[in-house]
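A quick write-up on the structure given underneath.
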Amino acid sequence: MPAPTADPDVATTSSRAEAPSPRAAIHSPRAAILSPRAAILAAADRLYYERGILSVGMDELRTASGVSLKRLYAEFPSKEAVVVAVLHGRHDAWTAGVTARVAGADGPREKLLAIYDFLFDWFSEDTFRGCGFINAFGELGSSNPAVAQLAREHKASFQRFLAELAEQIGGDAELAAQLAILAEGAQTTAAIAGTPEAALQARRAAVVLIDAEARRAA
């Protein structure tokens with residue numbers, strides 16, 4: 001993983017609590033041996049994320065997961081059912097990763113900034129291809145209400161989480177929305193640029209917003 005650009009306000013990797021990446025819960029090596037359903041979801045998440053949902057058919061998913069077509073359809077009667085399950089798993093993995101990183105930070109301010117440290121580590125992974133929910137919405141959001149709703153719920157959940165953290169420094173929903181936009185924009189920028197630097201820039205901008213709010217609330 002590339003080292004972060006030197007910044008005295010950015011925590012060093014060694015000082016950070018270990019936290020799973022947004023994909024870790026789905027891509028655990030044990031997932032493939034737990035059950036056919038877990039193997040299907042692991043294969044689907046990997047293929048959808050790497051190549052896009054529309055380009056991966058059920059036959060290819062059957063081959064990648066190592067289950068029979070009959071078993072695949074017994075677990076998931078349609079491709080939409082697979083997509084919905086993958087997005088639920090991705091939401092859970094993201095939530096677990098962010099929550100663990102925040103829990104390892106000291107103090108309300110550092111807990112907010114820990115989110116951007118988490119993003120930097122995620123963006124630094126070779127497999128990073130942007131936000132899976134943004135990608136899914138881009139492919140299916142206009143034609144699949146279930147996917148669109150899951151994407152909205154995922155983003156709203158993240159903003160609520162930020163609002164809870166912002167409240168601890170005297171911040172309000174507006175600060176949470178601003179910090180969320182920084183995080184969301186960083187995800188898209190990093191995916192296009194192919195570097196994790198957007199997380200560092202977003203963190204620096206977050207410092208300005210957080211410290212200004214803390215002074216206002218004091």
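Identifiers in this document derive from the order of the structure tokens: chains are assigned A, B, ..., residues are numbered from 1 separately in each chain, and ligands are numbered from 1 in order of occurrence.
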
- Task: Would you mind listing what lies within 9 Å of Ala64 (chain A) as an NGL selection string, with only C-alpha atoms counted and same-chain residues fewer than 4 positions away left out?
- Result: :A and (39-40 or 43-44 or 47 or 59-60)

- For His91 (chain A), which residue among A:Leu72, A:Val56, A:Leu113, A:Cys131 is the nearest when counting only C-alpha atoms? A:Cys131

Who sits within 8 Å of Gly170 (chain A), only C-alpha atoms, same chain under 4 positions skipped, as a PDB file with N, CA and C atoms, in the first residue's frame:
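Contents of out.pdb, freshly written:
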```pdb
ATOM      1  N   ALA A 166     -20.896  13.806  14.440  1.00  0.00           N
ATOM      2  CA  ALA A 166     -20.799  15.264  14.412  1.00  0.00           C
ATOM      3  C   ALA A 166     -21.446  15.885  15.641  1.00  0.00           C
ATOM      4  N   GLU A 213     -16.569  24.175  12.999  1.00  0.00           N
ATOM      5  CA  GLU A 213     -17.794  23.877  13.745  1.00  0.00           C
ATOM      6  C   GLU A 213     -17.517  23.809  15.241  1.00  0.00           C
ATOM      7  N   ALA A 214     -16.377  23.237  15.613  1.00  0.00           N
ATOM      8  CA  ALA A 214     -16.024  23.146  17.031  1.00  0.00           C
ATOM      9  C   ALA A 214     -15.843  24.535  17.639  1.00  0.00           C
ATOM     10  N   ALA A 217     -19.268  26.105  18.072  1.00  0.00           N
ATOM     11  CA  ALA A 217     -20.052  25.510  19.157  1.00  0.00           C
ATOM     12  C   ALA A 217     -19.478  25.806  20.539  1.00  0.00           C
TER      13      ALA A 217
END
```

With DSSP run on the backbone, what are the helix (DSSP H, G or I) residues within region 31-200 of chain A? I'd like them as an mmCIF file with C-alpha atoms, in the first residue's frame.
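out-v2.cif, freshly written:
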```
data_model
loop_
_atom_site.group_PDB
_atom_site.id
_atom_site.type_symbol
_atom_site.label_atom_id
_atom_site.label_comp_id
_atom_site.auth_asym_id
_atom_site.auth_seq_id
_atom_site.Cartn_x
_atom_site.Cartn_y
_atom_site.Cartn_z
ATOM 1 C CA ALA A 31 -16.879 -17.764 2.805
ATOM 2 C CA ALA A 32 -16.514 -20.241 -0.070
ATOM 3 C CA ILE A 33 -16.634 -23.246 2.274
ATOM 4 C CA LEU A 34 -19.502 -22.117 4.479
ATOM 5 C CA PRO A 36 -23.289 -22.781 -1.593
ATOM 6 C CA ARG A 37 -25.107 -19.510 -0.905
ATOM 7 C CA ALA A 38 -21.972 -17.917 0.528
ATOM 8 C CA ALA A 39 -19.920 -19.148 -2.431
ATOM 9 C CA ILE A 40 -22.431 -17.652 -4.859
ATOM 10 C CA LEU A 41 -22.416 -14.306 -3.074
ATOM 11 C CA ALA A 42 -18.617 -14.169 -2.887
ATOM 12 C CA ALA A 43 -18.308 -14.898 -6.609
ATOM 13 C CA ALA A 44 -21.075 -12.459 -7.517
ATOM 14 C CA ASP A 45 -19.623 -9.652 -5.438
ATOM 15 C CA ARG A 46 -16.187 -10.119 -6.980
ATOM 16 C CA LEU A 47 -17.418 -10.363 -10.579
ATOM 17 C CA TYR A 48 -19.980 -7.572 -10.321
ATOM 18 C CA TYR A 49 -17.445 -5.263 -8.705
ATOM 19 C CA GLU A 50 -14.638 -6.037 -11.148
ATOM 20 C CA ARG A 51 -16.638 -6.063 -14.386
ATOM 21 C CA MET A 58 -25.963 -16.526 -14.307
ATOM 22 C CA ASP A 59 -24.024 -19.206 -16.209
ATOM 23 C CA GLU A 60 -20.741 -17.451 -15.494
ATOM 24 C CA LEU A 61 -21.741 -16.989 -11.885
ATOM 25 C CA ARG A 62 -22.487 -20.700 -11.618
ATOM 26 C CA THR A 63 -19.014 -21.548 -12.926
ATOM 27 C CA ALA A 64 -17.232 -19.039 -10.699
ATOM 28 C CA SER A 65 -19.060 -20.165 -7.568
ATOM 29 C CA LEU A 69 -27.217 -24.128 -12.027
ATOM 30 C CA LYS A 70 -30.052 -25.892 -10.222
ATOM 31 C CA ARG A 71 -28.581 -25.001 -6.832
ATOM 32 C CA LEU A 72 -27.905 -21.435 -7.952
ATOM 33 C CA TYR A 73 -31.551 -20.890 -8.842
ATOM 34 C CA ALA A 74 -32.669 -22.676 -5.688
ATOM 35 C CA GLU A 75 -30.747 -20.111 -3.640
ATOM 36 C CA LYS A 79 -30.343 -12.299 -10.999
ATOM 37 C CA GLU A 80 -32.004 -9.388 -9.221
ATOM 38 C CA ALA A 81 -32.157 -11.511 -6.064
ATOM 39 C CA VAL A 82 -28.391 -12.065 -6.308
ATOM 40 C CA VAL A 83 -27.733 -8.366 -6.829
ATOM 41 C CA VAL A 84 -29.895 -7.378 -3.864
ATOM 42 C CA ALA A 85 -28.170 -9.917 -1.606
ATOM 43 C CA VAL A 86 -24.726 -8.747 -2.726
ATOM 44 C CA LEU A 87 -25.615 -5.136 -1.969
ATOM 45 C CA HIS A 88 -26.913 -6.079 1.475
ATOM 46 C CA GLY A 89 -23.631 -7.870 2.160
ATOM 47 C CA ARG A 90 -21.608 -4.942 0.878
ATOM 48 C CA HIS A 91 -23.531 -2.569 3.137
ATOM 49 C CA ASP A 92 -22.866 -4.769 6.156
ATOM 50 C CA ALA A 93 -19.152 -5.051 5.312
ATOM 51 C CA TRP A 94 -18.807 -1.287 4.801
ATOM 52 C CA THR A 95 -20.604 -0.561 8.075
ATOM 53 C CA ALA A 96 -18.418 -3.023 9.972
ATOM 54 C CA GLY A 97 -15.231 -1.553 8.531
ATOM 55 C CA VAL A 98 -16.081 2.085 9.175
ATOM 56 C CA THR A 99 -17.438 1.377 12.646
ATOM 57 C CA ALA A 100 -14.310 -0.540 13.646
ATOM 58 C CA ARG A 101 -12.001 2.237 12.423
ATOM 59 C CA VAL A 102 -13.993 4.908 14.222
ATOM 60 C CA ALA A 103 -14.107 2.863 17.428
ATOM 61 C CA GLY A 107 -12.002 11.602 20.868
ATOM 62 C CA PRO A 108 -14.923 12.946 18.799
ATOM 63 C CA ARG A 109 -12.750 14.874 16.335
ATOM 64 C CA GLU A 110 -10.455 11.955 15.594
ATOM 65 C CA LYS A 111 -13.411 9.617 15.214
ATOM 66 C CA LEU A 112 -14.759 11.775 12.401
ATOM 67 C CA LEU A 113 -11.363 11.969 10.731
ATOM 68 C CA ALA A 114 -10.873 8.209 11.087
ATOM 69 C CA ILE A 115 -13.456 7.775 8.343
ATOM 70 C CA TYR A 116 -11.078 9.358 5.839
ATOM 71 C CA ASP A 117 -8.192 7.200 7.085
ATOM 72 C CA PHE A 118 -10.415 4.201 6.408
ATOM 73 C CA LEU A 119 -11.109 5.515 2.918
ATOM 74 C CA PHE A 120 -7.401 5.971 2.234
ATOM 75 C CA ASP A 121 -6.683 2.350 3.102
ATOM 76 C CA TRP A 122 -9.611 1.161 0.972
ATOM 77 C CA PHE A 123 -8.585 3.304 -1.993
ATOM 78 C CA GLY A 132 -20.215 -0.609 -5.283
ATOM 79 C CA PHE A 133 -23.490 1.197 -4.643
ATOM 80 C CA ILE A 134 -22.658 4.070 -6.967
ATOM 81 C CA ASN A 135 -21.568 1.550 -9.585
ATOM 82 C CA ALA A 136 -24.770 -0.467 -9.192
ATOM 83 C CA PHE A 137 -26.913 2.666 -9.316
ATOM 84 C CA GLY A 138 -25.135 3.799 -12.463
ATOM 85 C CA GLU A 139 -25.922 0.504 -14.168
ATOM 86 C CA LEU A 140 -29.397 -0.246 -12.841
ATOM 87 C CA PRO A 145 -36.270 0.390 -8.151
ATOM 88 C CA ALA A 146 -34.913 -2.160 -5.659
ATOM 89 C CA VAL A 147 -31.300 -1.351 -6.512
ATOM 90 C CA ALA A 148 -31.989 2.386 -6.489
ATOM 91 C CA GLN A 149 -33.622 2.143 -3.062
ATOM 92 C CA LEU A 150 -30.755 0.106 -1.608
ATOM 93 C CA ALA A 151 -28.260 2.682 -2.859
ATOM 94 C CA ARG A 152 -30.269 5.505 -1.287
ATOM 95 C CA GLU A 153 -30.602 3.642 2.002
ATOM 96 C CA HIS A 154 -26.872 2.913 2.098
ATOM 97 C CA LYS A 155 -25.953 6.552 1.577
ATOM 98 C CA ALA A 156 -28.568 7.745 4.063
ATOM 99 C CA SER A 157 -27.271 5.290 6.662
ATOM 100 C CA PHE A 158 -23.742 6.635 6.281
ATOM 101 C CA GLN A 159 -24.965 10.206 6.673
ATOM 102 C CA ARG A 160 -26.871 9.280 9.845
ATOM 103 C CA PHE A 161 -23.701 7.714 11.212
ATOM 104 C CA LEU A 162 -21.813 10.917 10.471
ATOM 105 C CA ALA A 163 -24.548 12.970 12.121
ATOM 106 C CA GLU A 164 -24.174 10.967 15.337
ATOM 107 C CA LEU A 165 -20.428 11.592 15.329
ATOM 108 C CA ALA A 166 -20.799 15.264 14.412
ATOM 109 C CA GLU A 167 -23.201 15.794 17.298
ATOM 110 C CA ALA A 173 -26.992 17.687 10.201
ATOM 111 C CA GLU A 174 -25.496 20.258 7.851
ATOM 112 C CA LEU A 175 -21.950 19.400 8.953
ATOM 113 C CA ALA A 176 -22.735 15.700 8.553
ATOM 114 C CA ALA A 177 -24.000 16.319 5.020
ATOM 115 C CA GLN A 178 -20.858 18.256 4.129
ATOM 116 C CA LEU A 179 -18.581 15.537 5.502
ATOM 117 C CA ALA A 180 -20.585 12.888 3.652
ATOM 118 C CA ILE A 181 -20.193 14.761 0.371
ATOM 119 C CA LEU A 182 -16.432 14.880 0.918
ATOM 120 C CA ALA A 183 -16.359 11.116 1.462
ATOM 121 C CA GLU A 184 -18.641 10.341 -1.482
ATOM 122 C CA GLY A 185 -16.731 12.617 -3.822
ATOM 123 C CA ALA A 186 -13.446 11.092 -2.731
ATOM 124 C CA GLN A 187 -14.705 7.614 -3.621
ATOM 125 C CA THR A 188 -15.591 8.598 -7.160
ATOM 126 C CA THR A 189 -12.446 10.678 -7.662
ATOM 127 C CA ALA A 190 -10.172 7.907 -6.390
ATOM 128 C CA ALA A 191 -11.830 5.335 -8.637
ATOM 129 C CA ILE A 192 -11.327 7.484 -11.730
ATOM 130 C CA ALA A 193 -7.827 8.719 -10.854
ATOM 131 C CA GLU A 197 -4.853 10.814 -2.777
ATOM 132 C CA ALA A 198 -8.490 11.956 -2.838
ATOM 133 C CA ALA A 199 -8.909 10.552 0.672
ATOM 134 C CA LEU A 200 -6.085 12.753 1.956
#
```

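Excluding Arg216 (chain A) and any residue on its chain fewer than 6 positions from it, the residues at most 12 Å away by only C-alpha atoms are Ile169, Gly170, Gly171, Asp172, Leu175, Leu209 and Ile210 of chain A.
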
- Item | Separation of CA of Ala206 (chain A) from CA of Glu125 (chain A) in Å |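 Distance reported for this atom pair: 22.4 Å.
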